[in-house]
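Asker: Before I ask anything, let me first share the structure, which is written out below as structure tokens.
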2 protein chains.
Amino acid sequence: MTPTETPISIIIAEDHPTFSFGVEQSLARVPHMRIIDKALNGKQLLQLLNTKKPDLILMDVLMPHMNGIEAAMQIRKDFPVIKIIFISMYEESSIIKQCMQYGHGYIPKASTTDELISVINTVIAGNTYFHNSKPLLFKQPYNDDLIKKYKLTRREVELIQLIKDGLTTKEIAAKLFLSTLTVETHRKNIFRKLEVKNITELIVFALNNQIAS
Amino acid sequence: MTPTETPISIIIAEDHPTFSFGVEQSLARVPHMRIIDKALNGKQLLQLLNTKKPDLILMDVLMPHMNGIEAAMQIRKDFPVIKIIFISMYEESSIIKQCMQYGHGYIPKASTTDELISVINTVIAGNTYFHNSKPLLFKQPYNDDLIKKYKLTRREVELIQLIKDGLTTKEIAAKLFLSTLTVETHRKNIFRKLEVKNITELIVFALNNQIAS
DNA sequence: TTATAATTACCTGTTAACAGGTATTACAGT
DNA sequence: ACTGTAATACCTGTTAACAGGTAATTATAA
């Protein structure tokens, strides 16, 4: 939108040199963007940041030694001013969600150069941009996919909701006018289906997968 | 980016007619966008949707009778295809976070027409766009704020992490070479400080507040 | 150095969670 | 009419969680 006087300085953190080179070539033609360095993984990136402070980092999510998310967690602590755009081969909602937590933008590797330039401008302008062709937000009201995948019944999903709200078996039974034994049965079935060993794992699973919001 | 053949149909839900009129005027000059109707609040909007199905809704966050967030929750259930862009006077992170949950985009009312058009195009293209000049993501570091607020010790945070990973008291004790009784003491202290009554509430709290990721 | 906080550990109970079953009723799909 | 699944409920245990204390060692900051 508004090209700055001094060019936007960028570091690419990406373990595949081929892709990294492609990005470099693409951005070479953009006057107000300059790639000042490259890193092959998170650790290398953090070392680079000791001497060079870019405006923005194009960060691959999956890298050896230290992945992009971990690196981003560290960077936002040490250099909160630096913008981070994640790039990933996979468009899984769980990944995109993490990117929303720890970065300012996300695009898949399959994106066009135009989209890349667009997202850089957007993020530098102080906004966020998360590409998702299969919209993640509207997939989660009740995560139907997951519920089908794990063959959860309506009642079971209802129970998960209540468990997540911190209700004990007894409280749930009272609320739903059921025997506590029935609630326990449901609970056991949920555990079996989701392959979790206790409430803790159930809650983490449910929250991460938006079965209970 | 890519103007469609048939124009993008839009409904505005906004309780201030002045603002609503301004948007209408602004978009009137954009050929591939068409405002097909207006609503003054969430309830009115939902009624409109019985007869008209827009591609996109420009939704004010704060409206009388039924606010934008509530309306969005309903709409994503009933008409998941419809895109929602929130418009708000306030740039509070709590509001933006909710918008990220229930919509595809967010811009403040102070935005330019260019930004409005840009966000509509972005969202229609299947992406998300959340304007935030004071970046919300980097405001919740690892959540040191919360840890300080609740006066959690290092050890307690460590315990929360392990509890979140589904470890039982015994397992945690073994891992940290502690007595199970010690772990129980820590746990009780955590419960007291965070004012939660059981592990379930602890997990939900920790995940929601990024104390444990 | 001297409080203060952090970490560790223990004691005594009660209650809830969890494991591994069986079994009945009801209803929806073929 | 039949069959599977959902929803309900029970039984028998064991173990973990939780509540309510007390108290001894470290660290650590005033």
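Ligands are numbered from 1 in the order shown, residues from 1 within each chain, and chains are lettered A, B, ... in the order they appear in the structure tokens.
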Which chain B residues have any atom within 10 Å of an atom of chain D, and for each, what is the nearest pair of atoms with distance in Å to one decimal, counting only C-alpha atoms (C1' of nucleotides), rows sorted by chain and number, as CSV?
Answerer:
```
residue,atom,partner,partner_atom,distance
B:Thr168,CA,D:DA16,C1',7.9
B:Thr169,CA,D:DA16,C1',8.1
B:Lys170,CA,D:DA16,C1',8.9
B:Glu184,CA,D:DA17,C1',9.1
B:Arg187,CA,D:DC18,C1',9.7
B:Lys188,CA,D:DC18,C1',8.3
B:Lys197,CA,D:DC18,C1',8.7
B:Asn198,CA,D:DC18,C1',7.9
B:Ile199,CA,D:DA17,C1',8.8
```
Asker: Save the residues we just selected, N, CA and C atoms, as a PDB file, in the first residue's frame?
Answerer:
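What follows is the written file selection16.pdb:
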```
ATOM      1  N   THR B 168      -0.193 -37.580  35.702  1.00  0.00           N
ATOM      2  CA  THR B 168      -0.811 -37.647  37.018  1.00  0.00           C
ATOM      3  C   THR B 168       0.202 -37.158  38.048  1.00  0.00           C
ATOM      4  N   THR B 169      -0.290 -36.986  39.252  1.00  0.00           N
ATOM      5  CA  THR B 169       0.579 -36.535  40.338  1.00  0.00           C
ATOM      6  C   THR B 169       1.791 -37.463  40.491  1.00  0.00           C
ATOM      7  N   LYS B 170       1.512 -38.730  40.446  1.00  0.00           N
ATOM      8  CA  LYS B 170       2.586 -39.711  40.605  1.00  0.00           C
ATOM      9  C   LYS B 170       3.618 -39.584  39.482  1.00  0.00           C
ATOM     10  N   GLU B 184       1.383 -32.717  45.262  1.00  0.00           N
ATOM     11  CA  GLU B 184       0.019 -32.401  45.681  1.00  0.00           C
ATOM     12  C   GLU B 184      -0.051 -31.023  46.341  1.00  0.00           C
ATOM     13  N   ARG B 187       0.072 -28.473  43.707  1.00  0.00           N
ATOM     14  CA  ARG B 187      -1.195 -28.470  43.005  1.00  0.00           C
ATOM     15  C   ARG B 187      -2.254 -27.685  43.776  1.00  0.00           C
ATOM     16  N   LYS B 188      -2.282 -27.945  45.076  1.00  0.00           N
ATOM     17  CA  LYS B 188      -3.242 -27.223  45.913  1.00  0.00           C
ATOM     18  C   LYS B 188      -2.987 -25.718  45.863  1.00  0.00           C
ATOM     19  N   LYS B 197     -11.412 -25.158  40.892  1.00  0.00           N
ATOM     20  CA  LYS B 197     -11.791 -26.192  41.844  1.00  0.00           C
ATOM     21  C   LYS B 197     -11.287 -27.572  41.454  1.00  0.00           C
ATOM     22  N   ASN B 198     -10.901 -27.760  40.227  1.00  0.00           N
ATOM     23  CA  ASN B 198     -10.359 -29.068  39.832  1.00  0.00           C
ATOM     24  C   ASN B 198      -9.475 -28.932  38.595  1.00  0.00           C
ATOM     25  N   ILE B 199      -8.872 -30.048  38.226  1.00  0.00           N
ATOM     26  CA  ILE B 199      -7.931 -30.064  37.101  1.00  0.00           C
ATOM     27  C   ILE B 199      -8.576 -29.517  35.840  1.00  0.00           C
TER      28      ILE B 199
END
```
Asker: Which of region 85-208 of chain B end up as strand (DSSP E or B) when DSSP is run on this backbone - answer as number ranges by chain?
Answerer: B: 85-88, 105-108, 128-131
Asker: For the selection you just gave me, I'd like the residues written to a file as a compact mmCIF listing (two decimals), in the first residue's frame, keeping N, CA and C atoms.
Answerer:
```
# COMPACT_ATOMS: atom_id res chain seq x y z
N ILE B 85 -17.51 -9.69 8.11
CA ILE B 85 -16.43 -8.76 8.47
C ILE B 85 -16.96 -7.85 9.57
N PHE B 86 -16.26 -7.81 10.67
CA PHE B 86 -16.67 -6.96 11.77
C PHE B 86 -16.11 -5.55 11.62
N ILE B 87 -16.91 -4.61 12.04
CA ILE B 87 -16.48 -3.22 12.05
C ILE B 87 -16.70 -2.72 13.46
N SER B 88 -15.70 -2.08 14.02
CA SER B 88 -15.88 -1.61 15.39
C SER B 88 -15.21 -0.28 15.63
N GLY B 105 -13.08 -11.30 9.24
CA GLY B 105 -12.28 -10.09 9.15
C GLY B 105 -12.69 -9.07 10.18
N TYR B 106 -11.81 -8.12 10.37
CA TYR B 106 -12.10 -7.05 11.32
C TYR B 106 -11.39 -5.78 10.88
N ILE B 107 -12.13 -4.68 10.85
CA ILE B 107 -11.48 -3.38 10.67
C ILE B 107 -12.15 -2.36 11.59
N PRO B 108 -11.38 -1.38 12.03
CA PRO B 108 -11.96 -0.32 12.84
C PRO B 108 -12.76 0.64 11.95
N THR B 128 -8.55 -14.38 5.60
CA THR B 128 -8.98 -13.60 6.74
C THR B 128 -8.10 -12.37 6.88
N TYR B 129 -8.65 -11.37 7.49
CA TYR B 129 -7.89 -10.12 7.62
C TYR B 129 -8.35 -9.43 8.88
N PHE B 130 -7.45 -9.31 9.83
CA PHE B 130 -7.80 -8.64 11.08
C PHE B 130 -6.87 -7.47 11.32
N HIS B 131 -7.44 -6.31 11.17
CA HIS B 131 -6.68 -5.09 11.38
C HIS B 131 -6.38 -4.96 12.86
```
Asker: Would you pick out the contacts of region 152-160 of chain A at 8 Å or less, using only C-alpha atoms (C1' of nucleotides), so that residues sharing its chain but fewer than 6 positions from it are not included, and give the list as an mmCIF file with N, CA, C and O atoms (P, O5', C5', C4', C3', O3' and C1' of nucleotides), in the first residue's frame?
Answerer:
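Final file, out-v7.cif:
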```cif
data_model
loop_
_atom_site.group_PDB
_atom_site.id
_atom_site.type_symbol
_atom_site.label_atom_id
_atom_site.label_comp_id
_atom_site.auth_asym_id
_atom_site.auth_seq_id
_atom_site.Cartn_x
_atom_site.Cartn_y
_atom_site.Cartn_z
ATOM 1 N N ILE A 172 -22.961 -33.196 36.595
ATOM 2 C CA ILE A 172 -23.507 -33.414 35.253
ATOM 3 C C ILE A 172 -24.771 -34.258 35.341
ATOM 4 O O ILE A 172 -25.784 -33.968 34.707
ATOM 5 N N VAL A 183 -23.541 -41.277 33.485
ATOM 6 C CA VAL A 183 -22.547 -40.276 33.101
ATOM 7 C C VAL A 183 -21.166 -40.922 33.039
ATOM 8 O O VAL A 183 -20.389 -40.668 32.123
ATOM 9 N N HIS A 186 -20.870 -42.877 29.836
ATOM 10 C CA HIS A 186 -20.600 -41.967 28.718
ATOM 11 C C HIS A 186 -19.143 -41.541 28.729
ATOM 12 O O HIS A 186 -18.481 -41.509 27.702
ATOM 13 N N ARG A 187 -18.686 -41.233 29.913
ATOM 14 C CA ARG A 187 -17.328 -40.744 30.039
ATOM 15 C C ARG A 187 -16.319 -41.797 29.577
ATOM 16 O O ARG A 187 -15.384 -41.504 28.829
ATOM 17 N N ILE A 190 -16.315 -41.964 25.862
ATOM 18 C CA ILE A 190 -15.599 -40.822 25.288
ATOM 19 C C ILE A 190 -14.091 -41.067 25.371
ATOM 20 O O ILE A 190 -13.366 -40.885 24.396
ATOM 21 N N LYS A 193 -13.073 -43.635 22.804
ATOM 22 C CA LYS A 193 -13.128 -43.142 21.420
ATOM 23 C C LYS A 193 -12.020 -42.138 21.124
ATOM 24 O O LYS A 193 -11.446 -42.137 20.043
ATOM 25 N N ALA A 206 -10.157 -31.636 23.452
ATOM 26 C CA ALA A 206 -11.399 -30.963 23.075
ATOM 27 C C ALA A 206 -11.154 -29.499 22.733
ATOM 28 O O ALA A 206 -11.670 -28.988 21.742
ATOM 29 N N ILE A 211 -13.892 -29.151 19.804
ATOM 30 C CA ILE A 211 -15.100 -29.938 20.034
ATOM 31 C C ILE A 211 -15.922 -29.240 21.099
ATOM 32 O O ILE A 211 -17.129 -29.137 21.015
ATOM 33 N N ALA A 212 -15.238 -28.723 22.082
ATOM 34 C CA ALA A 212 -15.876 -27.807 23.028
ATOM 35 C C ALA A 212 -15.148 -26.487 22.882
ATOM 36 O O ALA A 212 -13.932 -26.455 22.848
ATOM 37 P P DA D 6 -23.671 -44.607 17.784
ATOM 38 O "O5'" DA D 6 -24.737 -43.684 18.518
ATOM 39 C "C5'" DA D 6 -26.057 -43.597 18.010
ATOM 40 C "C4'" DA D 6 -27.028 -43.337 19.152
ATOM 41 C "C3'" DA D 6 -26.426 -42.653 20.377
ATOM 42 O "O3'" DA D 6 -27.255 -41.560 20.717
ATOM 43 C "C1'" DA D 6 -27.555 -44.621 21.027
#
```
Asker: At a cut-off of 10 Å, can you tabulate as a Markdown table every residue of chain C near chain A together with its closest atom pair and the distance in Å to one decimal, using only C-alpha atoms (C1' of nucleotides) and ordering rows by chain then number?
Answerer:
```
| residue | atom | partner | partner_atom | distance |
| --- | --- | --- | --- | --- |
| C:DA16 | C1' | A:Thr168 | CA | 7.9 |
| C:DA17 | C1' | A:Asn198 | CA | 8.4 |
| C:DC18 | C1' | A:Asn198 | CA | 7.9 |
| C:DA19 | C1' | A:Lys188 | CA | 8.8 |
```
Asker: Using Å and a single decimal, report how far CA of Ser118 (chain B) sits from CA of Leu58 (chain A).
Answerer: 22.5 Å
Asker: Could you superimpose chain B onto chain A using every C-alpha atom, matched in order, and tell me the RMSD in Å?
Answerer: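 Computed value for the CA RMSD is 2.5 Å.
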Asker: Within region 81-123 of chain B, find each residue whose DSSP state, derived from the backbone, is alpha helix (DSSP H), and express the selection as number ranges by chain.
Answerer: B: 93-102, 113-123
Asker: Counting only C-alpha atoms, figure out which residue out of B:Phe79, B:Phe21, B:Tyr102, B:Phe191 gets nearest to chain A.
Answerer: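 Going through B:Phe79, B:Phe21, B:Tyr102, B:Phe191 one by one, the smallest distance to chain A is for B:Tyr102.
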Asker: Could you check the closest approach to chain A for each of B:Asn209, B:Thr182, B:Arg76, B:Leu46 and tell me which residue wins, using only C-alpha atoms?
Answerer: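 Using only C-alpha atoms, chain A sits closest to B:Arg76.
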Asker: Using only C-alpha atoms, can you tell me which of B:Asp60, B:Glu171, B:Glu70, B:Asp114 comes closest to chain A?
Answerer: B:Asp114
Asker: Which residue is closest to chain B? Choose from A:Lys77, A:Lys175, A:Lys38, A:Lys109 and count only C-alpha atoms.
Answerer: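 Closest to chain B, using only C-alpha atoms: A:Lys77.
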